[in-house]
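Visitor: Following this message is one structure expressed as structure tokens.
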Amino acid sequence: MAEAEALSRPGLVGQKVKNFLSAHTIDITGGLMFLLLAIFLGWPIITVLVKSAFGPEGFTLEFYRKFFTAYFYRSFLNTLLLGVLTTSVCIIAGFCIAYMTTRGPLFLRTPLKWITLLPLIAPPYIFALSLIILFGRSGLITKALNLGWDIYGFPGCVIAQTLAFLPLAYLMIENTLSSLDTSLEDSAANMGASQGKVLRSIIIPLLTPSFLKAILIVYVLAVAEFGNVAILCGRTPFLAPDIYTIVTGVEHDFNMAGVLSVSLILPCAIIFMIQNYIIKGKGYVTVSGKPISAEPRHMSPHILIPMIAISFITCGIILLCFGVVGLGAFTKIVGFNNTFTLNHILDWRANDALINSLKVSLLAGLSGAIMGVLIAYVVIRGKFRGRSSLEGLYLAGFALPGTVLGLGYIFAFNNPPLLLTGTMIILVVNCLFRFVAVGMEAGITKLQQLSIEVEEASLNLGASTITTFRRIVLPIIFPAAMYGFIYVFMTTMVSLSAVVFLTSPGYPLASVFIFQWAQYGYIGLASATVVKLIVIVGICLAIIQYMSKWTGLSITRRG
Amino acid sequence: MKAKLVVNIGLVICVAISFLLAAPVLAANPKLAASITAFGGSGSVEIDGAVAKFIEKELGVKVRFDSLSHGVIHARVKAEAPRFSVDTCWNVGYPLMLEAKEKGWSVAYDSPNWRGSGDVFVDPDGYWWNNGSWSFVLVGNKDLIAKAGYTLPNSWKDLLDAKWQDKIIMPSPLTSGTAYMMLYSFMTLYGFNEAKGEEAGWEYLEALNKNIHHYTRGGNTPSDLVGRGEFMLGISSDEMVVPRVKQGYPLLWAAPKEGIGFGSAGAIIFKGTKKLYTCQKIIDLFGTTKFCKFWSGLAGYVTKDPKAVSALYGKIPKYIPNIDQGWAAANRSRLSNEWVKRIGRVPSK
């Protein structure tokens, strides 16, 4: 008996130590996440704020005073307007297409969906190129229809940004629309509600959170991604290209760039807070919440026609733009000397850039998936204070304009102890921290479905936190990790606004490369590189899809 | 005795042979590096890439380069100083070459191939080498001009005619070195040469501004957009005119009668490079007739070597007299800021 006790006591103590450590694994991870957050999001942002108010002679509001001169103020207002217009068009078109792909005729659903998602795998600024070729002053369509318009300025910028960021709005709206319980709509219809009434009173209110999320993301990207805008703005000033010019051009005025960055962040921060305020404490969940493939609905013409028209026009323009890129890659000078050539495709100069992009994206994607899951786990299962603020802060990182974060990274990491500029790490880290929130959110949604009792049972049976995480949590959370990986991977491949400040000679990235070529008028080479980029991303996605089928883990469904 | 002699002679021969064998090693040149990094300042991947290829072919040194516009390189170098991310740069303008010499960012080298080339092409103290002068020209779209019934102007003053309103584009001096060359050239032409000072130069630029549709980021963009028929006229870097006409763009070009400005497509070696010897060999290479011929044939640069005929101009073009590169370089920041105030950041028309 005494012998048995002696044997079991160390076991018991060990168990206690194990439990103690287990409990602390989460806290330690949480602390680590806070630390990383402070270094890689907090510090760069603070340096931007500091630059905007501290000149060579210490604190000054001089730079802010300069902001309120006619030009920058107009640039600010233009940027707001660009953001609002782009966001509105994206939400409306995104909703129409999402409605068509979830409630519309079956034969339209798949083609519409894939066309709308196409821009996801192309660098946003290719639309600027295509639009000049199609709708420029001597564009193919401008000539064909004899349009006497000028694309340089608001029209071009709004159209290009809308096409670029429509897929994100669409994805968010479609995700919710497809999981709305259709019986609600059916009962309303049975009780005599018109379709317009159903849309107004049921569907749109239930979509509020998705609309708000989509608004935030599209707005942030529309004001910050400057590739399209820089090529198409003509004489209309906008903040993102202004920041780029001020930093990389002759003026080299980091202080003013700081001020402009602050004016770019403020509206985003306000939208972020409004969004949180509205969503907080309200339930938007329908009874079952499971994705249901809705039967095609009968739609009255006054709803069907505008929706079809909007969907078709949008998808038509997307297809046209991609058509131009395809043509551009295989003709001498597209729209001009349309002789077939393989010279652009066989030009290997872009290969280094493509390989670098692939490396950076894979690294960022992998670490993004892992980190996203870890943060999600810490936020949901941790017991320390400030868990929700951890989530909020990482989300806020997502809501920061890329231009600002790119600039902040130059300020923060161009000096020892963390001398990262000129390395690949800075690119990976920058993309990782900008986009990790997506994987985190997906992870949180998944974890909320997993009852904590399962984990407790595992812990009680003697498994450590790490084992529990590996054996119980990981399989459940895996789709979320994959989702995080795909998102970070794809956005890193094509994003320009932040990395353009961080690349170094001899280490070009495909997106920067394409932007420079496009800017200097090498449409053929730029298009060919875009085509290669699309093929690479496509192959990667296909491999992931195949792997997930093979391992039996689904990635297509999120939460 | 005889045997000893034979051994001695044998020894002497051996020593001599080994000395002979060792001689190249003892006097060994430092080795060429396998690769170097550089900024190429034409802003054109074609042109900077062609130089990189030339170097790789002639010296076997791989060049990893970023092709950016002069202005962007200048800004980047300024930001990076004193820790430069590249070993050398080429196709850059006088403003950067002169500032680099003054601030001690570059290293001097007395290249045998450059001696006696004159101070337009080589710094007397050996801090920079101008591979070829280039300039800006007036470009026009053949089809659009014919359709409108106009002709390509032959004077810079003709551009002020109201009929060209919104039909001309030119680059912005904030991002383009070409554009800054235009700025100081017009300042010289209409200001100093007419003894009216800077203000008259600004008057011309402000009057021209009324007809400018917008200012592009790169100095070569206007010849692309005009070639595409987006705009009727452009003031553009002359670098891509030859390649674009070859590609089939309907481009007309002219060097108006008052003359054109000039700038350098020059090279410097950055202080702190670990591949100094390789950089020096590249500078030597730039000084050869072979390179000059390649360079003047590529895009029309006017090189130091009279045997190399510019593919664009043929003979040496008429330059605006009295252009002072030192003044232009020293006043770049001030003039650019003035341009911002008067033209660049005045809310649009």
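Following the order of the structure tokens, first chain is A, next is B, and so on, with residues numbered from 1 inside each chain and ligands from 1 in the order they appear.
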Please provide the set of residues having any atom within 12 Å of Tyr180 (chain B), restricted to only C-alpha atoms, with same-chain residues fewer than 3 positions apart removed, written as a ChimeraX atom specification.

Guide: /A:249-250 /B:69-71,93-95,135-136,170-177,183-187,217-219,236-237,261-263,325,328-329,331-339

Visitor: Show me, as an mmCIF file with N, CA and C atoms, in the first residue's frame, the residues of chain B whose atoms get within 7 Å of chain A, using only C-alpha atoms for the distance check.

Guide:
data_model
loop_
_atom_site.group_PDB
_atom_site.id
_atom_site.type_symbol
_atom_site.label_atom_id
_atom_site.label_comp_id
_atom_site.auth_asym_id
_atom_site.auth_seq_id
_atom_site.Cartn_x
_atom_site.Cartn_y
_atom_site.Cartn_z
ATOM 1 N N THR B 37 25.578 43.958 -57.855
ATOM 2 C CA THR B 37 24.236 44.533 -57.882
ATOM 3 C C THR B 37 24.322 45.975 -58.344
ATOM 4 N N SER B 44 14.020 51.759 -68.020
ATOM 5 C CA SER B 44 13.571 50.845 -69.059
ATOM 6 C C SER B 44 14.317 49.533 -68.895
ATOM 7 N N ARG B 64 22.879 41.887 -61.156
ATOM 8 C CA ARG B 64 21.494 41.882 -60.657
ATOM 9 C C ARG B 64 21.102 43.331 -60.461
ATOM 10 N N PHE B 65 20.105 43.761 -61.236
ATOM 11 C CA PHE B 65 19.821 45.200 -61.231
ATOM 12 C C PHE B 65 18.342 45.487 -61.039
ATOM 13 N N ASP B 66 18.073 46.690 -60.599
ATOM 14 C CA ASP B 66 16.723 47.215 -60.522
ATOM 15 C C ASP B 66 16.658 48.370 -61.494
ATOM 16 N N GLY B 71 15.195 59.788 -61.030
ATOM 17 C CA GLY B 71 14.729 60.472 -59.835
ATOM 18 C C GLY B 71 14.580 59.517 -58.666
ATOM 19 N N VAL B 72 14.004 58.358 -58.946
ATOM 20 C CA VAL B 72 13.767 57.387 -57.878
ATOM 21 C C VAL B 72 15.100 56.866 -57.334
ATOM 22 N N ALA B 75 16.639 59.454 -55.083
ATOM 23 C CA ALA B 75 15.990 59.488 -53.774
ATOM 24 C C ALA B 75 16.404 58.296 -52.922
ATOM 25 N N ARG B 76 16.497 57.150 -53.576
ATOM 26 C CA ARG B 76 16.843 55.942 -52.823
ATOM 27 C C ARG B 76 18.269 56.009 -52.301
ATOM 28 N N LEU B 174 9.098 65.410 -59.990
ATOM 29 C CA LEU B 174 9.166 64.792 -58.656
ATOM 30 C C LEU B 174 9.617 63.346 -58.752
ATOM 31 N N THR B 175 9.320 62.690 -59.856
ATOM 32 C CA THR B 175 9.661 61.275 -59.962
ATOM 33 C C THR B 175 10.600 60.992 -61.127
ATOM 34 N N HIS B 214 -1.605 65.612 -68.197
ATOM 35 C CA HIS B 214 -1.107 65.285 -66.868
ATOM 36 C C HIS B 214 0.385 64.968 -66.919
ATOM 37 N N GLY B 218 7.169 58.337 -65.114
ATOM 38 C CA GLY B 218 8.434 58.005 -65.760
ATOM 39 C C GLY B 218 8.696 58.904 -66.952
ATOM 40 N N ASN B 220 9.965 58.066 -69.773
ATOM 41 C CA ASN B 220 9.712 57.384 -71.036
ATOM 42 C C ASN B 220 8.239 57.104 -71.273
ATOM 43 N N THR B 221 7.395 57.356 -70.262
ATOM 44 C CA THR B 221 5.975 57.067 -70.414
ATOM 45 C C THR B 221 5.336 57.877 -71.538
ATOM 46 N N ASP B 224 5.413 56.286 -74.883
ATOM 47 C CA ASP B 224 4.532 55.119 -74.948
ATOM 48 C C ASP B 224 3.090 55.556 -75.163
ATOM 49 N N GLY B 229 -1.478 56.414 -79.031
ATOM 50 C CA GLY B 229 -2.561 57.277 -79.483
ATOM 51 C C GLY B 229 -3.403 57.823 -78.343
ATOM 52 N N GLU B 230 -2.936 57.672 -77.110
ATOM 53 C CA GLU B 230 -3.683 58.238 -75.995
ATOM 54 C C GLU B 230 -3.586 59.764 -76.017
ATOM 55 N N ARG B 345 1.506 70.878 -57.406
ATOM 56 C CA ARG B 345 0.467 70.658 -56.409
ATOM 57 C C ARG B 345 -0.494 71.824 -56.335
ATOM 58 N N VAL B 346 -0.732 72.407 -57.489
ATOM 59 C CA VAL B 346 -1.835 73.364 -57.557
ATOM 60 C C VAL B 346 -3.034 72.527 -57.941
ATOM 61 N N PRO B 347 -4.127 72.592 -57.144
ATOM 62 C CA PRO B 347 -5.271 71.750 -57.481
ATOM 63 C C PRO B 347 -5.636 71.903 -58.955
ATOM 64 N N SER B 348 -6.014 70.791 -59.556
ATOM 65 C CA SER B 348 -6.123 70.751 -61.014
ATOM 66 C C SER B 348 -7.140 71.749 -61.545
#

Visitor: So which bits of region 192-388 of chain A end up alpha helix (DSSP H) when you DSSP the backbone, as JSON, numbers by chain?

Guide: {"A": [195, 196, 197, 198, 204, 205, 206, 208, 209, 210, 211, 212, 213, 214, 215, 216, 217, 218, 219, 220, 221, 222, 223, 224, 227, 228, 229, 230, 231, 232, 239, 240, 241, 242, 243, 244, 245, 246, 247, 248, 254, 255, 256, 257, 258, 259, 260, 261, 262, 263, 264, 265, 266, 267, 268, 269, 270, 271, 272, 273, 274, 275, 276, 277, 278, 279, 301, 302, 303, 304, 305, 306, 307, 308, 309, 310, 311, 312, 313, 314, 315, 316, 317, 318, 319, 320, 321, 322, 323, 324, 325, 326, 327, 328, 329, 330, 351, 352, 353, 354, 355, 356, 357, 358, 359, 360, 361, 362, 363, 364, 365, 366, 367, 368, 369, 370, 371, 372, 373, 374, 375, 376, 377, 378, 379, 380, 381, 387, 388]}

Visitor: Based on DSSP run over this structure's backbone, return all residues of region 25-245 of chain B in strand (DSSP E or B), as a ChimeraX atom specification.

Guide: /B:35-40,42,62-67,69,88-92,106,122,129-134,136-141,168-171,212-216,233-237

Visitor: Using only N, CA and C atoms, please write the residues we just selected to a file, as a short mmCIF file (atom, residue, chain, number, x, y, z; two decimals), in the first residue's frame.

Guide:
data_model
loop_
_atom_site.label_atom_id
_atom_site.label_comp_id
_atom_site.auth_asym_id
_atom_site.auth_seq_id
_atom_site.Cartn_x
_atom_site.Cartn_y
_atom_site.Cartn_z
N SER B 35 29.17 38.10 -59.43
CA SER B 35 28.00 38.93 -59.70
C SER B 35 28.09 40.23 -58.93
N ILE B 36 27.41 41.25 -59.43
CA ILE B 36 27.32 42.51 -58.69
C ILE B 36 25.87 42.99 -58.73
N THR B 37 25.58 43.96 -57.86
CA THR B 37 24.24 44.53 -57.88
C THR B 37 24.32 45.98 -58.34
N ALA B 38 23.26 46.44 -59.01
CA ALA B 38 23.29 47.78 -59.58
C ALA B 38 21.90 48.37 -59.70
N PHE B 39 21.86 49.70 -59.74
CA PHE B 39 20.65 50.38 -60.18
C PHE B 39 20.85 50.74 -61.64
N GLY B 40 19.85 50.48 -62.47
CA GLY B 40 19.88 50.96 -63.85
C GLY B 40 18.89 52.10 -63.94
N SER B 42 17.70 53.99 -66.60
CA SER B 42 16.93 54.42 -67.75
C SER B 42 15.45 54.26 -67.47
N LYS B 62 27.76 38.50 -63.68
CA LYS B 62 26.30 38.59 -63.70
C LYS B 62 25.87 39.86 -62.94
N VAL B 63 24.98 40.62 -63.55
CA VAL B 63 24.53 41.85 -62.90
C VAL B 63 23.09 41.69 -62.45
N ARG B 64 22.88 41.89 -61.16
CA ARG B 64 21.49 41.88 -60.66
C ARG B 64 21.10 43.33 -60.46
N PHE B 65 20.11 43.76 -61.24
CA PHE B 65 19.82 45.20 -61.23
C PHE B 65 18.34 45.49 -61.04
N ASP B 66 18.07 46.69 -60.60
CA ASP B 66 16.72 47.21 -60.52
C ASP B 66 16.66 48.37 -61.49
N SER B 67 15.71 48.31 -62.40
CA SER B 67 15.58 49.39 -63.36
C SER B 67 14.57 50.40 -62.83
N SER B 69 13.63 54.94 -62.43
CA SER B 69 13.94 56.19 -63.12
C SER B 69 15.02 56.94 -62.33
N THR B 88 27.13 49.50 -57.74
CA THR B 88 27.33 50.56 -58.72
C THR B 88 25.98 50.95 -59.30
N CYS B 89 25.98 51.98 -60.10
CA CYS B 89 24.77 52.27 -60.84
C CYS B 89 25.16 52.89 -62.17
N TRP B 90 24.30 52.75 -63.14
CA TRP B 90 24.57 53.38 -64.43
C TRP B 90 23.28 53.97 -64.99
N ASN B 91 23.45 54.73 -66.09
CA ASN B 91 22.33 55.45 -66.69
C ASN B 91 21.72 56.45 -65.73
N VAL B 92 22.56 57.04 -64.87
CA VAL B 92 22.01 58.05 -63.96
C VAL B 92 22.49 59.44 -64.39
N SER B 106 30.64 58.24 -53.57
CA SER B 106 31.23 57.45 -54.64
C SER B 106 32.75 57.39 -54.47
N VAL B 122 33.68 62.75 -68.54
CA VAL B 122 34.34 62.13 -67.39
C VAL B 122 34.71 63.22 -66.38
N TRP B 129 31.51 58.77 -64.73
CA TRP B 129 31.75 58.54 -66.16
C TRP B 129 30.41 58.61 -66.88
N ASN B 130 30.31 59.47 -67.85
CA ASN B 130 29.07 59.61 -68.59
C ASN B 130 29.13 58.75 -69.86
N ASN B 131 28.43 57.63 -69.81
CA ASN B 131 28.47 56.71 -70.96
C ASN B 131 27.93 57.34 -72.23
N GLY B 132 26.97 58.22 -72.06
CA GLY B 132 26.40 58.85 -73.24
C GLY B 132 25.45 59.93 -72.81
N SER B 133 25.42 61.02 -73.58
CA SER B 133 24.44 62.03 -73.27
C SER B 133 23.12 61.65 -73.93
N TRP B 134 22.07 61.99 -73.27
CA TRP B 134 20.75 61.73 -73.82
C TRP B 134 19.94 62.99 -73.62
N PHE B 136 15.78 65.05 -74.19
CA PHE B 136 14.33 64.91 -74.36
C PHE B 136 13.98 65.48 -75.71
N VAL B 137 12.98 64.89 -76.33
CA VAL B 137 12.56 65.37 -77.65
C VAL B 137 11.04 65.53 -77.63
N LEU B 138 10.56 66.15 -78.68
CA LEU B 138 9.13 66.27 -78.85
C LEU B 138 8.67 65.04 -79.63
N VAL B 139 7.65 64.35 -79.13
CA VAL B 139 7.12 63.22 -79.90
C VAL B 139 5.67 63.48 -80.25
N GLY B 140 5.23 62.92 -81.34
CA GLY B 140 3.85 63.11 -81.77
C GLY B 140 3.31 61.82 -82.34
N ASN B 141 1.98 61.66 -82.28
CA ASN B 141 1.35 60.50 -82.88
C ASN B 141 1.00 60.82 -84.32
N ILE B 168 -1.16 67.30 -74.67
CA ILE B 168 0.27 67.06 -74.46
C ILE B 168 0.48 66.39 -73.10
N ILE B 169 1.42 65.47 -73.04
CA ILE B 169 1.82 64.98 -71.72
C ILE B 169 3.33 65.05 -71.58
N MET B 170 3.75 65.21 -70.36
CA MET B 170 5.18 65.22 -70.04
C MET B 170 5.37 64.66 -68.63
N PRO B 171 6.60 64.26 -68.27
CA PRO B 171 6.81 63.67 -66.95
C PRO B 171 6.89 64.71 -65.83
N ILE B 212 -0.96 70.91 -70.75
CA ILE B 212 -0.54 69.56 -70.35
C ILE B 212 -1.72 68.80 -69.76
N HIS B 213 -1.94 67.60 -70.28
CA HIS B 213 -3.05 66.79 -69.73
C HIS B 213 -2.70 66.31 -68.34
N HIS B 214 -1.61 65.61 -68.20
CA HIS B 214 -1.11 65.29 -66.87
C HIS B 214 0.38 64.97 -66.92
N TYR B 215 0.99 64.94 -65.74
CA TYR B 215 2.42 64.67 -65.62
C TYR B 215 2.62 63.21 -65.24
N THR B 216 3.38 62.47 -66.06
CA THR B 216 3.55 61.04 -65.82
C THR B 216 4.69 60.81 -64.83
N LEU B 233 0.60 64.77 -78.46
CA LEU B 233 1.99 65.19 -78.34
C LEU B 233 2.55 64.80 -76.98
N GLY B 234 3.85 64.66 -76.92
CA GLY B 234 4.48 64.40 -75.64
C GLY B 234 5.88 64.97 -75.64
N ILE B 235 6.32 65.39 -74.46
CA ILE B 235 7.74 65.72 -74.31
C ILE B 235 8.30 64.55 -73.55
N SER B 236 9.24 63.85 -74.17
CA SER B 236 9.60 62.54 -73.64
C SER B 236 11.10 62.35 -73.68
N SER B 237 11.57 61.48 -72.84
CA SER B 237 12.96 61.07 -72.93
C SER B 237 13.21 60.51 -74.32
#

Visitor: Would you pick out the contacts of region 444-455 of chain A at 9 Å or less, using only C-alpha atoms, so that residues sharing its chain but fewer than 2 positions from it are not included, and give the list as number ranges by chain?

Guide: A: 373, 375-377, 379-381, 439-442, 457-460, 465, 468-469, 472-473, 476-477, 479-480, 558-559

Visitor: Selection from above, N, CA and C atoms, as a short mmCIF file (atom, residue, chain, number, x, y, z; two decimals), in the first residue's frame, can you write it?

Guide:
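Wrote again20.cif, looks like this:
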data_model
loop_
_atom_site.label_atom_id
_atom_site.label_comp_id
_atom_site.auth_asym_id
_atom_site.auth_seq_id
_atom_site.Cartn_x
_atom_site.Cartn_y
_atom_site.Cartn_z
N VAL A 373 -3.95 30.29 -36.40
CA VAL A 373 -4.55 29.26 -35.57
C VAL A 373 -4.15 29.44 -34.10
N ILE A 375 -3.25 32.23 -32.55
CA ILE A 375 -3.95 33.37 -31.94
C ILE A 375 -5.40 32.99 -31.65
N ALA A 376 -6.03 32.33 -32.62
CA ALA A 376 -7.43 31.93 -32.43
C ALA A 376 -7.57 31.07 -31.18
N TYR A 377 -6.65 30.12 -31.02
CA TYR A 377 -6.71 29.21 -29.88
C TYR A 377 -6.54 29.98 -28.58
N VAL A 379 -7.07 33.12 -28.04
CA VAL A 379 -8.19 34.04 -27.79
C VAL A 379 -9.40 33.28 -27.25
N ILE A 380 -9.68 32.11 -27.81
CA ILE A 380 -10.88 31.38 -27.41
C ILE A 380 -10.67 30.60 -26.11
N ARG A 381 -9.50 29.98 -25.95
CA ARG A 381 -9.31 29.09 -24.80
C ARG A 381 -8.51 29.72 -23.66
N GLY A 439 -6.88 34.32 -41.18
CA GLY A 439 -6.77 32.97 -40.66
C GLY A 439 -7.25 32.91 -39.22
N MET A 440 -6.92 33.95 -38.46
CA MET A 440 -7.32 34.02 -37.06
C MET A 440 -8.84 33.99 -36.93
N GLU A 441 -9.52 34.83 -37.73
CA GLU A 441 -10.98 34.90 -37.66
C GLU A 441 -11.61 33.56 -38.03
N ALA A 442 -11.07 32.93 -39.08
CA ALA A 442 -11.59 31.63 -39.49
C ALA A 442 -11.39 30.62 -38.36
N ALA A 457 -11.95 16.82 -21.43
CA ALA A 457 -11.88 15.37 -21.29
C ALA A 457 -10.48 14.89 -21.61
N SER A 458 -9.94 15.41 -22.67
CA SER A 458 -8.59 15.01 -23.08
C SER A 458 -7.58 15.37 -22.01
N LEU A 459 -7.72 16.57 -21.47
CA LEU A 459 -6.78 17.02 -20.43
C LEU A 459 -6.93 16.14 -19.19
N ASN A 460 -8.18 15.84 -18.83
CA ASN A 460 -8.42 15.03 -17.63
C ASN A 460 -7.85 13.64 -17.79
N THR A 465 -1.45 20.00 -22.86
CA THR A 465 -2.10 20.98 -23.74
C THR A 465 -1.65 20.79 -25.17
N THR A 468 -3.25 17.75 -26.64
CA THR A 468 -4.66 18.04 -26.88
C THR A 468 -4.82 18.90 -28.12
N PHE A 469 -3.95 19.89 -28.21
CA PHE A 469 -4.00 20.79 -29.35
C PHE A 469 -3.78 20.01 -30.64
N ILE A 472 -6.74 16.95 -30.89
CA ILE A 472 -8.17 17.29 -30.88
C ILE A 472 -8.45 18.57 -31.65
N VAL A 473 -7.70 19.60 -31.31
CA VAL A 473 -8.02 20.91 -31.87
C VAL A 473 -7.59 21.01 -33.32
N ILE A 476 -9.81 19.83 -36.15
CA ILE A 476 -11.01 20.66 -36.32
C ILE A 476 -10.64 21.98 -36.96
N ILE A 477 -9.50 22.51 -36.54
CA ILE A 477 -9.14 23.86 -36.94
C ILE A 477 -8.40 23.87 -38.28
N PRO A 479 -9.12 23.24 -41.44
CA PRO A 479 -9.66 24.02 -42.58
C PRO A 479 -9.42 25.52 -42.41
N ALA A 480 -9.54 26.00 -41.18
CA ALA A 480 -9.31 27.42 -40.95
C ALA A 480 -7.86 27.78 -41.26
N ARG A 558 -15.98 27.39 -44.76
CA ARG A 558 -15.39 28.19 -43.69
C ARG A 558 -16.45 28.40 -42.65
N GLY A 559 -16.22 27.87 -41.48
CA GLY A 559 -17.15 28.13 -40.36
C GLY A 559 -18.55 27.68 -40.65
#

Visitor: Rank A:Thr529, A:Phe398, A:Leu37, A:Ile26 by their smallest atom-to-atom distance to Val494 (chain A), using only C-alpha atoms, and report the top residue only.

Guide: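 Looking only at the distances to Val494 (chain A), the closest residue turns out to be A:Thr529.
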
Visitor: Using Å and a single decimal, report how far CA of Tyr204 (chain B) sits from CA of Tyr190 (chain B).

Guide: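 About the pair CA of Tyr190 (chain B) and CA of Tyr204 (chain B): they are 7.2 Å apart.
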
Visitor: Rounded to one decimal in Å, what is the spacing between CA of Val535 (chain A) and CA of Ile317 (chain A)?

Guide: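 The value is 20.9 Å.
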
Visitor: Using only C-alpha atoms, which residue out of A:His302, A:Asn175, A:Phe485, A:Asn343 lies closest to Ile544 (chain A)?

Guide: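 Selected residue with least distance to Ile544 (chain A): A:Phe485.
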
Visitor: So, counting only C-alpha atoms, which residue among A:Val17, A:Thr491, A:Ser357, A:Val48 is closest to Leu168 (chain A)?

Guide: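 Of the candidates, the smallest distance to Leu168 (chain A) is held by A:Thr491.
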
Visitor: Which residues, written as number ranges by chain, have at least one atom at most 6 Å from region 218-226 of chain A, with only C-alpha atoms counted and residues fewer than 2 positions away on the same chain left out?

Guide: A: 83, 87, 161, 214-216, 228-230, 240-241, 401-403, 497

Visitor: As a PyMOL selection string, please: the residues near Asp27 (chain A) (cut-off 8 Å, only C-alpha atoms, same-chain neighbours under 5 positions excluded).

Guide: chain A and resi 378+382-384

Visitor: What does the structure give for the distance between CA of Ala108 (chain B) and CA of Tyr319 (chain B), in Å to one decimal?

Guide: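 Answer for the CA of Ala108 (chain B) to CA of Tyr319 (chain B) separation: 28.8 Å.
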
Visitor: Give me, as a ChimeraX atom specification, all polymer residues having an atom no more than 10 Å from Lys157 (chain B), counting only C-alpha atoms and skipping those fewer than 4 positions away in the same chain.

Guide: /B:153,161,190,204,207-208,256,258
